[in-house]
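**Q** Structure file protein21.json (JSON, C-alpha atoms) is given on the next line.
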```
[["chain", "number", "residue", "atom", "x", "y", "z"],
["A", 1, "MET", "CA", -19.96, 149.74, 75.05],
["A", 2, "SER", "CA", -19.04, 147.49, 77.97],
["A", 3, "GLU", "CA", -16.59, 148.56, 80.67],
["A", 4, "GLN", "CA", -13.98, 146.20, 79.31],
["A", 5, "GLU", "CA", -14.32, 147.64, 75.80],
["A", 6, "GLN", "CA", -13.99, 151.24, 77.03],
["A", 7, "ILE", "CA", -10.63, 152.87, 76.68],
["A", 8, "TRP", "CA", -9.50, 154.06, 80.09],
["A", 9, "MET", "CA", -6.82, 156.72, 80.20],
["A", 10, "CYS", "CA", -4.24, 157.27, 82.92],
["A", 11, "ASP", "CA", -4.95, 160.69, 84.42],
["A", 12, "ASN", "CA", -1.27, 161.17, 85.28],
["A", 13, "CYS", "CA", 0.32, 160.11, 81.98],
["A", 14, "ASN", "CA", -2.59, 160.60, 79.54],
["A", 15, "ILE", "CA", -2.00, 157.23, 77.88],
["A", 16, "PRO", "CA", -4.39, 154.24, 77.62],
["A", 17, "LEU", "CA", -4.43, 151.67, 80.40],
["A", 18, "GLN", "CA", -3.60, 148.16, 79.23],
["A", 19, "PRO", "CA", -4.39, 144.69, 80.65],
["A", 20, "ASP", "CA", -1.44, 143.49, 82.71],
["A", 21, "LYS", "CA", -0.55, 141.09, 85.52],
["A", 22, "VAL", "CA", -0.98, 142.68, 88.93],
["A", 23, "ASP", "CA", -0.28, 141.13, 92.34],
["A", 24, "VAL", "CA", -3.31, 141.57, 94.57],
["A", 25, "ALA", "CA", -2.31, 141.40, 98.24],
["A", 26, "TYR", "CA", -4.44, 141.28, 101.39],
["A", 27, "MET", "CA", -3.47, 140.30, 104.93],
["A", 28, "GLY", "CA", -0.07, 139.08, 103.79],
["A", 29, "ASN", "CA", -1.45, 136.86, 101.02],
["A", 30, "ALA", "CA", -0.85, 137.78, 97.39],
["A", 31, "PHE", "CA", -1.80, 136.28, 94.05],
["A", 32, "PRO", "CA", -1.52, 137.49, 90.44],
["A", 33, "VAL", "CA", -4.56, 138.73, 88.48],
["A", 34, "GLU", "CA", -5.03, 140.65, 85.24],
["A", 35, "LEU", "CA", -6.23, 144.26, 85.56],
["A", 36, "LEU", "CA", -5.99, 147.47, 83.56],
["A", 37, "LYS", "CA", -2.69, 149.18, 84.33],
["A", 38, "CYS", "CA", -0.80, 152.24, 83.11],
["A", 39, "PRO", "CA", 2.30, 150.98, 81.27],
["A", 40, "ASN", "CA", 4.17, 154.14, 82.31],
["A", 41, "CYS", "CA", 3.44, 154.89, 85.99],
["A", 42, "GLY", "CA", 1.87, 151.57, 87.02],
["A", 43, "LEU", "CA", -1.50, 153.03, 88.13],
["A", 44, "VAL", "CA", -4.09, 150.22, 88.33],
["A", 45, "PHE", "CA", -7.80, 150.66, 87.60],
["A", 46, "ILE", "CA", -10.21, 148.63, 89.76],
["A", 47, "PRO", "CA", -13.84, 148.90, 88.55],
["A", 48, "GLU", "CA", -16.51, 149.47, 91.19],
["A", 49, "ASP", "CA", -18.24, 146.14, 90.55],
["A", 50, "LEU", "CA", -14.95, 144.33, 91.05],
["A", 51, "ALA", "CA", -14.19, 146.21, 94.27],
["A", 52, "LEU", "CA", -17.66, 145.51, 95.70],
["A", 53, "GLY", "CA", -18.01, 141.99, 94.31],
["A", 54, "LYS", "CA", -15.18, 139.55, 93.84],
["A", 55, "MET", "CA", -12.71, 141.52, 95.94],
["A", 56, "VAL", "CA", -15.05, 141.46, 98.92],
["A", 57, "ASP", "CA", -15.50, 137.70, 98.52],
["A", 58, "VAL", "CA", -11.76, 137.23, 98.28],
["A", 59, "GLU", "CA", -11.16, 139.40, 101.38],
["A", 60, "LYS", "CA", -13.69, 137.34, 103.36],
["A", 61, "GLN", "CA", -11.92, 134.18, 102.23],
["A", 62, "LEU", "CA", -8.52, 135.46, 103.30],
["A", 63, "GLU", "CA", -9.91, 136.71, 106.65],
["A", 64, "ASP", "CA", -11.27, 133.24, 107.44],
["A", 65, "LYS", "CA", -9.33, 131.48, 110.17],
["C", 66, "MET", "CA", -30.25, 118.80, 94.39],
["C", 67, "ILE", "CA", -28.02, 115.90, 95.36],
["C", 68, "THR", "CA", -27.97, 112.72, 93.29],
["C", 69, "ASP", "CA", -26.13, 109.43, 93.70],
["C", 70, "GLN", "CA", -23.97, 110.16, 90.68],
["C", 71, "ARG", "CA", -20.51, 111.02, 91.99],
["C", 72, "ILE", "CA", -18.38, 113.66, 90.32],
["C", 73, "HIS", "CA", -14.59, 113.41, 90.15],
["C", 74, "LEU", "CA", -13.76, 117.00, 90.95],
["C", 75, "TYR", "CA", -10.10, 116.58, 89.95],
["C", 76, "GLU", "CA", -11.21, 115.83, 86.36],
["C", 77, "GLN", "CA", -13.36, 118.96, 86.02],
["C", 78, "SER", "CA", -12.12, 121.58, 83.59],
["C", 79, "ALA", "CA", -13.28, 124.38, 85.90],
["C", 80, "LEU", "CA", -10.47, 123.49, 88.25],
["C", 81, "PHE", "CA", -7.87, 123.56, 85.49],
["C", 82, "ASN", "CA", -9.04, 126.92, 84.17],
["C", 83, "GLY", "CA", -9.08, 128.48, 87.59],
["C", 84, "VAL", "CA", -5.51, 127.99, 88.69],
["C", 85, "GLY", "CA", -3.50, 127.12, 85.60],
["C", 86, "GLU", "CA", -1.57, 123.88, 85.42],
["C", 87, "ALA", "CA", -1.32, 123.00, 89.10],
["C", 88, "ILE", "CA", -4.75, 121.89, 90.30],
["C", 89, "ARG", "CA", -3.95, 122.03, 94.00],
["C", 90, "PRO", "CA", -3.10, 124.56, 96.72],
["C", 91, "GLY", "CA", 0.51, 125.68, 96.89],
["C", 92, "GLY", "CA", 1.31, 124.86, 93.27],
["C", 93, "MET", "CA", 4.88, 124.13, 92.27],
["C", 94, "ALA", "CA", 6.25, 126.47, 94.96],
["C", 95, "LEU", "CA", 5.09, 124.01, 97.63],
["C", 96, "THR", "CA", 6.55, 121.07, 95.68],
["C", 97, "GLU", "CA", 9.92, 122.83, 95.41],
["C", 98, "HIS", "CA", 9.82, 123.75, 99.10],
["C", 99, "ALA", "CA", 9.20, 120.10, 99.97],
["C", 100, "LEU", "CA", 12.07, 118.91, 97.78],
["C", 101, "SER", "CA", 14.39, 121.44, 99.42],
["C", 102, "LEU", "CA", 13.69, 119.72, 102.75],
["C", 103, "CYS", "CA", 14.79, 116.32, 101.41],
["C", 104, "ASN", "CA", 18.33, 115.09, 100.91],
["C", 105, "LEU", "CA", 17.79, 113.56, 97.47],
["C", 106, "ARG", "CA", 20.55, 112.54, 95.07],
["C", 107, "ALA", "CA", 20.78, 114.69, 91.95],
["C", 108, "ASP", "CA", 19.76, 111.70, 89.81],
["C", 109, "ALA", "CA", 17.02, 110.47, 92.16],
["C", 110, "ARG", "CA", 14.02, 108.50, 90.85],
["C", 111, "LEU", "CA", 10.69, 109.99, 91.92],
["C", 112, "LEU", "CA", 7.14, 108.79, 91.44],
["C", 113, "ASP", "CA", 4.27, 111.29, 91.38],
["C", 114, "VAL", "CA", 1.24, 109.29, 92.56],
["C", 115, "GLY", "CA", -1.93, 110.99, 91.33],
["C", 116, "CYS", "CA", 0.03, 112.98, 88.78],
["C", 117, "GLY", "CA", -3.10, 114.23, 86.96],
["C", 118, "PRO", "CA", -2.17, 116.10, 83.77],
["C", 119, "GLY", "CA", 1.54, 115.80, 84.60],
["C", 120, "SER", "CA", 2.31, 119.44, 85.36],
["C", 121, "ALA", "CA", 4.63, 118.58, 88.28],
["C", 122, "ILE", "CA", 6.42, 115.91, 86.22],
["C", 123, "ALA", "CA", 6.99, 118.36, 83.36],
["C", 124, "TYR", "CA", 8.23, 121.06, 85.75],
["C", 125, "LEU", "CA", 10.57, 118.83, 87.76],
["C", 126, "THR", "CA", 11.96, 117.16, 84.64],
["C", 127, "ALA", "CA", 12.72, 120.58, 83.15],
["C", 128, "HIS", "CA", 14.35, 122.01, 86.30],
["C", 129, "TYR", "CA", 16.11, 119.01, 87.94],
["C", 130, "ASN", "CA", 18.09, 115.95, 86.90],
["C", 131, "TYR", "CA", 15.58, 113.67, 88.59],
["C", 132, "THR", "CA", 13.82, 110.90, 86.71],
["C", 133, "VAL", "CA", 10.18, 111.61, 87.46],
["C", 134, "LEU", "CA", 7.55, 108.95, 86.77],
["C", 135, "GLY", "CA", 3.83, 109.41, 87.22],
["C", 136, "CYS", "CA", 0.68, 107.40, 87.71],
["C", 137, "ASP", "CA", -2.98, 108.29, 87.86],
["C", 138, "PRO", "CA", -6.20, 106.25, 87.55],
["C", 139, "SER", "CA", -7.81, 108.83, 85.25],
["C", 140, "ALA", "CA", -7.38, 108.08, 81.54],
["C", 141, "GLN", "CA", -8.69, 111.58, 80.81],
["C", 142, "LEU", "CA", -5.93, 113.25, 82.85],
["C", 143, "LEU", "CA", -3.22, 110.92, 81.52],
["C", 144, "HIS", "CA", -4.33, 111.80, 78.01],
["C", 145, "ALA", "CA", -3.85, 115.47, 78.92],
["C", 146, "ALA", "CA", -0.39, 114.62, 80.30],
["C", 147, "TYR", "CA", 0.57, 112.84, 77.07],
["C", 148, "HIS", "CA", -0.74, 115.83, 75.13],
["C", 149, "HIS", "CA", 1.65, 118.06, 77.09],
["C", 150, "GLY", "CA", 4.62, 115.84, 76.18],
["C", 151, "VAL", "CA", 4.77, 113.91, 79.49],
["C", 152, "ARG", "CA", 5.52, 110.29, 78.55],
["C", 153, "LEU", "CA", 6.67, 108.48, 81.72],
["C", 154, "VAL", "CA", 3.17, 107.89, 83.06],
["C", 155, "VAL", "CA", 1.11, 104.80, 83.68],
["C", 156, "GLN", "CA", -2.57, 104.29, 84.48],
["C", 157, "ALA", "CA", -2.68, 102.91, 88.01],
["C", 158, "MET", "CA", -4.27, 103.50, 91.39],
["C", 159, "GLY", "CA", -2.17, 104.40, 94.42],
["C", 160, "GLU", "CA", -3.38, 101.26, 96.16],
["C", 161, "SER", "CA", -1.85, 99.00, 93.47],
["C", 162, "LEU", "CA", 1.34, 100.37, 91.95],
["C", 163, "PRO", "CA", 3.05, 98.56, 89.06],
["C", 164, "PHE", "CA", 6.58, 99.14, 90.38],
["C", 165, "ALA", "CA", 9.15, 96.77, 91.89],
["C", 166, "ASP", "CA", 10.04, 96.76, 95.59],
["C", 167, "GLY", "CA", 12.59, 99.27, 96.90],
["C", 168, "GLN", "CA", 13.37, 100.97, 93.60],
["C", 169, "LEU", "CA", 12.38, 104.61, 94.16],
["C", 170, "ASP", "CA", 14.02, 107.43, 96.09],
["C", 171, "ALA", "CA", 10.85, 109.44, 96.69],
["C", 172, "VAL", "CA", 7.10, 109.18, 96.36],
["C", 173, "LEU", "CA", 5.34, 112.45, 95.80],
["C", 174, "THR", "CA", 1.61, 112.50, 96.40],
["C", 175, "GLU", "CA", 0.08, 115.95, 96.24],
["C", 176, "CYS", "CA", -3.60, 116.47, 97.00],
["C", 177, "SER", "CA", -4.11, 112.81, 96.10],
["C", 178, "LEU", "CA", -4.06, 110.54, 99.15],
["C", 179, "SER", "CA", -7.36, 111.95, 100.40],
["C", 180, "VAL", "CA", -9.04, 110.98, 97.10],
["C", 181, "MET", "CA", -7.86, 107.39, 97.23],
["C", 182, "GLN", "CA", -10.40, 104.78, 98.27],
["C", 183, "ASN", "CA", -8.00, 103.02, 100.66],
["C", 184, "ALA", "CA", -5.32, 105.31, 102.08],
["C", 185, "ASP", "CA", -3.78, 102.50, 104.16],
["C", 186, "ALA", "CA", -3.33, 100.28, 101.12],
["C", 187, "ALA", "CA", -1.72, 103.20, 99.29],
["C", 188, "LEU", "CA", 0.68, 103.95, 102.16],
["C", 189, "GLN", "CA", 1.63, 100.26, 102.24],
["C", 190, "GLU", "CA", 2.39, 100.43, 98.51],
["C", 191, "PHE", "CA", 4.48, 103.61, 98.98],
["C", 192, "ALA", "CA", 6.53, 101.83, 101.66],
["C", 193, "ARG", "CA", 6.99, 98.81, 99.41],
["C", 194, "ILE", "CA", 8.30, 100.67, 96.33],
["C", 195, "LEU", "CA", 10.59, 103.06, 98.26],
["C", 196, "ARG", "CA", 14.18, 102.13, 98.98],
["C", 197, "PRO", "CA", 15.23, 102.16, 102.68],
["C", 198, "ASN", "CA", 15.23, 105.78, 103.92],
["C", 199, "GLY", "CA", 13.33, 106.83, 100.78],
["C", 200, "TYR", "CA", 11.14, 109.89, 101.14],
["C", 201, "LEU", "CA", 7.38, 110.18, 101.26],
["C", 202, "ILE", "CA", 6.37, 113.74, 100.31],
["C", 203, "LEU", "CA", 2.71, 114.28, 101.01],
["C", 204, "ASN", "CA", 0.63, 117.43, 100.83],
["C", 205, "ASP", "CA", -3.11, 117.40, 101.17],
["C", 206, "PHE", "CA", -6.23, 118.65, 102.94],
["C", 207, "TYR", "CA", -6.70, 117.90, 106.61],
["C", 208, "ALA", "CA", -9.60, 118.31, 108.97],
["C", 209, "ARG", "CA", -9.12, 121.32, 111.27],
["C", 210, "ASN", "CA", -12.60, 120.72, 112.63],
["C", 211, "PRO", "CA", -13.03, 116.93, 112.54],
["C", 212, "ALA", "CA", -16.58, 117.23, 113.91],
["C", 213, "GLY", "CA", -17.61, 119.04, 110.74],
["C", 214, "MET", "CA", -16.20, 116.52, 108.28],
["C", 215, "ASP", "CA", -19.23, 114.23, 108.05],
["C", 216, "ALA", "CA", -21.10, 116.76, 105.91],
["C", 217, "LEU", "CA", -18.18, 116.91, 103.46],
["C", 218, "ARG", "CA", -17.99, 113.15, 103.17],
["C", 219, "CYS", "CA", -21.67, 112.98, 102.24],
["C", 220, "LEU", "CA", -21.28, 115.31, 99.24],
["C", 221, "PRO", "CA", -21.64, 113.66, 95.81],
["C", 222, "ILE", "CA", -18.17, 114.74, 94.71],
["C", 223, "ASP", "CA", -14.86, 112.87, 94.84],
["C", 224, "SER", "CA", -12.40, 115.48, 95.99],
["C", 225, "CYS", "CA", -9.61, 115.89, 98.52],
["C", 226, "LEU", "CA", -12.07, 117.69, 100.78],
["C", 227, "GLY", "CA", -14.18, 114.63, 101.47],
["C", 228, "GLY", "CA", -11.20, 112.47, 102.41],
["C", 229, "ALA", "CA", -9.54, 114.94, 104.76],
["C", 230, "LEU", "CA", -8.48, 113.43, 108.10],
["C", 231, "PRO", "CA", -7.35, 115.01, 111.39],
["C", 232, "GLN", "CA", -3.60, 115.67, 111.78],
["C", 233, "ALA", "CA", -3.11, 113.00, 114.44],
["C", 234, "GLU", "CA", -4.78, 110.34, 112.34],
["C", 235, "ILE", "CA", -2.69, 111.18, 109.25],
["C", 236, "ILE", "CA", 0.55, 111.03, 111.24],
["C", 237, "GLY", "CA", -0.54, 107.81, 112.95],
["C", 238, "ARG", "CA", -1.35, 106.10, 109.66],
["C", 239, "VAL", "CA", 1.94, 107.16, 108.03],
["C", 240, "GLU", "CA", 3.95, 105.91, 111.04],
["C", 241, "GLN", "CA", 1.96, 102.68, 111.11],
["C", 242, "HIS", "CA", 3.33, 101.84, 107.67],
["C", 243, "GLY", "CA", 6.96, 102.10, 108.75],
["C", 244, "PHE", "CA", 7.70, 105.76, 108.10],
["C", 245, "ALA", "CA", 9.36, 108.22, 110.46],
["C", 246, "ILE", "CA", 7.97, 111.75, 110.23],
["C", 247, "ASN", "CA", 10.57, 114.44, 109.43],
["C", 248, "VAL", "CA", 8.28, 117.42, 108.78],
["C", 249, "TRP", "CA", 4.69, 118.48, 109.40],
["C", 250, "GLU", "CA", 3.88, 122.02, 108.24],
["C", 251, "ASP", "CA", 0.56, 123.84, 108.03],
["C", 252, "HIS", "CA", -0.01, 125.47, 104.63],
["C", 253, "THR", "CA", -3.61, 126.61, 105.06],
["C", 254, "ASP", "CA", -2.56, 130.04, 103.76],
["C", 255, "ALA", "CA", -1.89, 128.37, 100.40],
["C", 256, "LEU", "CA", -5.43, 126.95, 100.51],
["C", 257, "ARG", "CA", -6.84, 130.45, 101.11],
["C", 258, "ILE", "CA", -4.88, 131.80, 98.13],
["C", 259, "PHE", "CA", -6.08, 128.87, 96.02],
["C", 260, "THR", "CA", -9.69, 129.61, 96.96],
["C", 261, "ALA", "CA", -9.19, 133.32, 96.27],
["C", 262, "GLN", "CA", -7.88, 132.46, 92.81],
["C", 263, "LEU", "CA", -10.95, 130.33, 92.14],
["C", 264, "ILE", "CA", -13.23, 133.20, 93.23],
["C", 265, "TRP", "CA", -11.32, 135.59, 90.98],
["C", 266, "GLN", "CA", -11.57, 133.27, 87.99],
["C", 267, "HIS", "CA", -15.19, 132.21, 88.42],
["C", 268, "GLY", "CA", -16.80, 135.22, 90.13],
["C", 269, "SER", "CA", -17.68, 133.39, 93.34],
["C", 270, "MET", "CA", -17.29, 129.96, 94.91],
["C", 271, "GLN", "CA", -20.97, 129.34, 94.17],
["C", 272, "GLN", "CA", -20.31, 129.82, 90.46],
["C", 273, "PHE", "CA", -17.21, 127.63, 90.64],
["C", 274, "TRP", "CA", -19.17, 124.80, 92.21],
["C", 275, "CYS", "CA", -21.91, 125.22, 89.58],
["C", 276, "ARG", "CA", -19.34, 124.80, 86.81],
["C", 277, "ALA", "CA", -17.40, 122.03, 88.50],
["C", 278, "SER", "CA", -20.32, 119.86, 89.58],
["C", 279, "SER", "CA", -23.60, 120.31, 87.75],
["C", 280, "ASN", "CA", -25.32, 117.61, 89.83],
["C", 281, "ALA", "CA", -24.42, 119.04, 93.22],
["C", 282, "ASP", "CA", -25.99, 121.88, 95.18],
["C", 283, "PRO", "CA", -23.33, 124.63, 95.47],
["C", 284, "SER", "CA", -24.95, 126.08, 98.59],
["C", 285, "GLN", "CA", -24.78, 122.72, 100.33],
["C", 286, "ILE", "CA", -21.15, 122.24, 99.29],
["C", 287, "GLN", "CA", -20.16, 125.68, 100.56],
["C", 288, "ALA", "CA", -22.04, 125.20, 103.83],
["C", 289, "ALA", "CA", -20.24, 121.89, 104.40],
["C", 290, "ILE", "CA", -16.85, 123.52, 103.72],
["C", 291, "ASN", "CA", -17.59, 126.42, 106.06],
["C", 292, "GLN", "CA", -18.50, 123.98, 108.80],
["C", 293, "ALA", "CA", -15.49, 121.69, 108.32],
["C", 294, "LYS", "CA", -12.86, 124.44, 107.99],
["C", 295, "PRO", "CA", -10.42, 122.26, 106.06],
["C", 296, "GLY", "CA", -6.72, 123.07, 106.25],
["C", 297, "TYR", "CA", -3.74, 122.12, 104.10],
["C", 298, "PHE", "CA", -0.51, 120.45, 105.22],
["C", 299, "LEU", "CA", 2.88, 119.25, 104.05],
["C", 300, "LEU", "CA", 4.28, 116.05, 105.52],
["C", 301, "ILE", "CA", 7.71, 114.58, 104.78],
["C", 302, "ALA", "CA", 8.60, 111.15, 106.11],
["C", 303, "GLN", "CA", 11.32, 108.58, 105.54],
["C", 304, "LYS", "CA", 10.92, 104.86, 105.19],
["C", 305, "GLY", "CA", 12.35, 103.27, 108.30],
["C", 306, "GLY", "CA", 14.13, 106.29, 109.79],
["C", 307, "HIS", "CA", 16.12, 109.47, 109.26],
["C", 308, "ASN", "CA", 19.50, 108.07, 108.23],
["C", 309, "GLY", "CA", 19.34, 108.59, 104.47]]
```
For this file, write the structure as C-alpha cells.
**A**
Amino acid sequence: MSEQEQIWMCDNCNIPLQPDKVDVAYMGNAFPVELLKCPNCGLVFIPEDLALGKMVDVEKQLEDK
Amino acid sequence: MITDQRIHLYEQSALFNGVGEAIRPGGMALTEHALSLCNLRADARLLDVGCGPGSAIAYLTAHYNYTVLGCDPSAQLLHAAYHHGVRLVVQAMGESLPFADGQLDAVLTECSLSVMQNADAALQEFARILRPNGYLILNDFYARNPAGMDALRCLPIDSCLGGALPQAEIIGRVEQHGFAINVWEDHTDALRIFTAQLIWQHGSMQQFWCRASSNADPSQIQAAINQAKPGYFLLIAQKGGHNG
C-alpha cells in the first residue's frame, strides 16, 4: 500500500486525516497546496519524502535573492 | 541536447497544470493590484494583448463592468479561450493589432511583451490604439543581472525569460513611444512563489522543464536561469501624460 493510500489518523482526535488545501509559508511567502489534514483540529501531516524533497527545493527557491 | 526547433513555452500544458488558469507570476492578484492603481472609468474598454487562454478576460468580465477584449497569436490558446466561454478574442500579434486608433482606455499585457518578436513595434501599436491618457499596464520578466541574459536568449524556447530586458531599457523604450511612467514596482517575490508552485506540482524544476520542453536540456535551462537571476515587475504608464 502506498503512502497516499494509507489511512493516517490524527493522534489528537482519532479520526482519519483528509486531503485539504493548506497554505505553506516560508520567509513571508505563502502558497496553497493539498496535504493530509485533520478536519477537526487542523493538524497537517507532512511525509518525510516531501519534507526532504520538494520542500527543500521550494525553500532554496524562496531563499534565492 | 539542444536543437534548432523552438518551443513556445506559453503553449505547453505543463505550465497550465502547474499554476491553474493564470500562466504567469502574480496571477489575478497582480492584475487587480494594477487596475487599482489606474483611474479607469467603470465602463472602460480594455485589451489584453497576449491573452492566452483568456483567464484574465473571464475574470475581469465577471468582476468588473469593463469591456475586455483579447488577442493572441496562438490558435491553440484562443481555442482554449473559446472553450472557456471567452468570445471577444481575435488572433493577432502585438506588433500588428486590428483595432482603430485611440479607441481603448487600457492595454493590458501580462508576461507577453518579452515574448514578442519586436517589442518596439508592439509599444508603437499600444500607443496608437490607446486614447490620450490611456493606460499601459505591463507586467513581465526583467533582467536583474543583464550580463547573464545571453545564455537565456540562446535557449531553444520562446518564453518571457529569453526576452527579459534591464529595467532602464524597458522604461526607456516605453517612454520613447510617448508614454509617461506612473508606476514601476518589483514583484520578484511573485516570481519566487510561481516557481515554488511549479516545483510543488512537478517535483522539481528539472522535471518541469522535461515536461515543458522535451527538446531542451533542463540542466542547461536551469543553469542559465540561475546565472541571469530574472526578476518580475509591474509598470503602469499613460499615453502622453498623467492628466487622465
**Q** Using only C-alpha atoms, find the residues of chain C whose closest atom to chain A is at most 8 Å away, then write them as a ChimeraX atom specification.
**A** /C:254,257-258,260-262,264-265,268-269
**Q** Work out how far apart CA of Leu299 in chain C and CA of Ala99 in chain C are and give it in Å to one decimal.
**A**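 Separation of CA of Leu299 in chain C and CA of Ala99 in chain C: 7.6 Å.
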**Q** Could you state the separation of CA of Val114 in chain C and CA of Phe191 in chain C in Å, given to one decimal place?
**A**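 So the answer is 9.2 Å.
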**Q** Tell me which of C:Met93, C:Ala302, C:Ala229, C:Cys136 sits closest to Ala184 in chain C, counting all atoms listed in the file.
**A** C:Ala229
**Q** For Ala186 in chain C, which of C:Met158, C:Leu134, C:Leu263, C:Ala107 is the closest residue, counting all atoms listed in the file?
**A** C:Met158
**Q** As an exercise, work out the distance from CA of His149 in chain C to CA of Leu35 in chain A in Å and give it to one decimal place.
**A** 28.6 Å
**Q** What lies within 6 Å of Leu17 in chain A using only C-alpha atoms, ignoring chain neighbours under 6 positions off, as a count of residues only?
**A** 5
**Q** Which residue, C:Leu153, C:Gln271, C:Tyr200, C:Ser101, has the smallest gap to Thr126 in chain C when you use all atoms listed in the file?
**A**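 Selected residue with least distance to Thr126 in chain C: C:Leu153.
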**Q** Which of these residues is nearest to Arg152 in chain C, using all atoms listed in the file: C:Phe206, C:Ala255, C:Ser120, C:Gly227?
**A**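 Of all the options, C:Ser120 lies closest to Arg152 in chain C.
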**Q** Neighbourhood query: residues within 12 Å of (-17.7, 114.6, 108.6), file coordinates, counting all atoms listed in the file; return as a list in words.
**A**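 Every residue inside that radius is included here: Tyr207, Ala208, Arg209, Asn210, Pro211, Ala212, Gly213, Met214, Asp215, Ala216, Leu217, Arg218, Cys219, Leu220, Leu226, Gly227, Gly228, Ala229, Leu230, Pro231, Ala289, Ile290, Gln292, Ala293, Lys294 and Pro295 of chain C.
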**Q** Counting all atoms listed in the file, write as a list in words all protein and nucleic acid residues lying at most 12 Å from (17.5, 119.6, 104.4) in the file's frame.
**A** His98, Ala99, Leu100, Ser101, Leu102, Cys103, Asn104, Leu105, Asn247, Val248, Ile301, His307 and Gly309 of chain C
**Q** Compile the contact shell of Cys10 in chain A as a list in words: residues with an atom at most 12 Å away, counting all atoms listed in the file, same-chain residues fewer than 5 positions apart removed.
**A** Ile15, Pro16, Leu17, Gln18, Leu36, Lys37, Cys38, Pro39, Asn40, Cys41, Gly42, Leu43, Val44 and Phe45 of chain A
**Q** Take the residues just selected and output them with C-alpha atoms as a PDB file, keeping the file's coordinate frame.
**A**
```
ATOM      1  CA  ILE A  15      -2.000 157.230  77.880  1.00  0.00           C
ATOM      2  CA  PRO A  16      -4.390 154.240  77.620  1.00  0.00           C
ATOM      3  CA  LEU A  17      -4.430 151.670  80.400  1.00  0.00           C
ATOM      4  CA  GLN A  18      -3.600 148.160  79.230  1.00  0.00           C
ATOM      5  CA  LEU A  36      -5.990 147.470  83.560  1.00  0.00           C
ATOM      6  CA  LYS A  37      -2.690 149.180  84.330  1.00  0.00           C
ATOM      7  CA  CYS A  38      -0.800 152.240  83.110  1.00  0.00           C
ATOM      8  CA  PRO A  39       2.300 150.980  81.270  1.00  0.00           C
ATOM      9  CA  ASN A  40       4.170 154.140  82.310  1.00  0.00           C
ATOM     10  CA  CYS A  41       3.440 154.890  85.990  1.00  0.00           C
ATOM     11  CA  GLY A  42       1.870 151.570  87.020  1.00  0.00           C
ATOM     12  CA  LEU A  43      -1.500 153.030  88.130  1.00  0.00           C
ATOM     13  CA  VAL A  44      -4.090 150.220  88.330  1.00  0.00           C
ATOM     14  CA  PHE A  45      -7.800 150.660  87.600  1.00  0.00           C
TER      15      PHE A  45
END
```
**Q** Edge lengths and centre, in Å to one decimal, as JSON: that's what I need for the box along x, y and z that holds all listed atoms of range 32-48 of chain A plus 6 Å on each side.
**A**
```
{"center_x": -6.2, "center_y": 146.2, "center_z": 86.2, "size_x": 32.7, "size_y": 29.4, "size_z": 21.9}
```
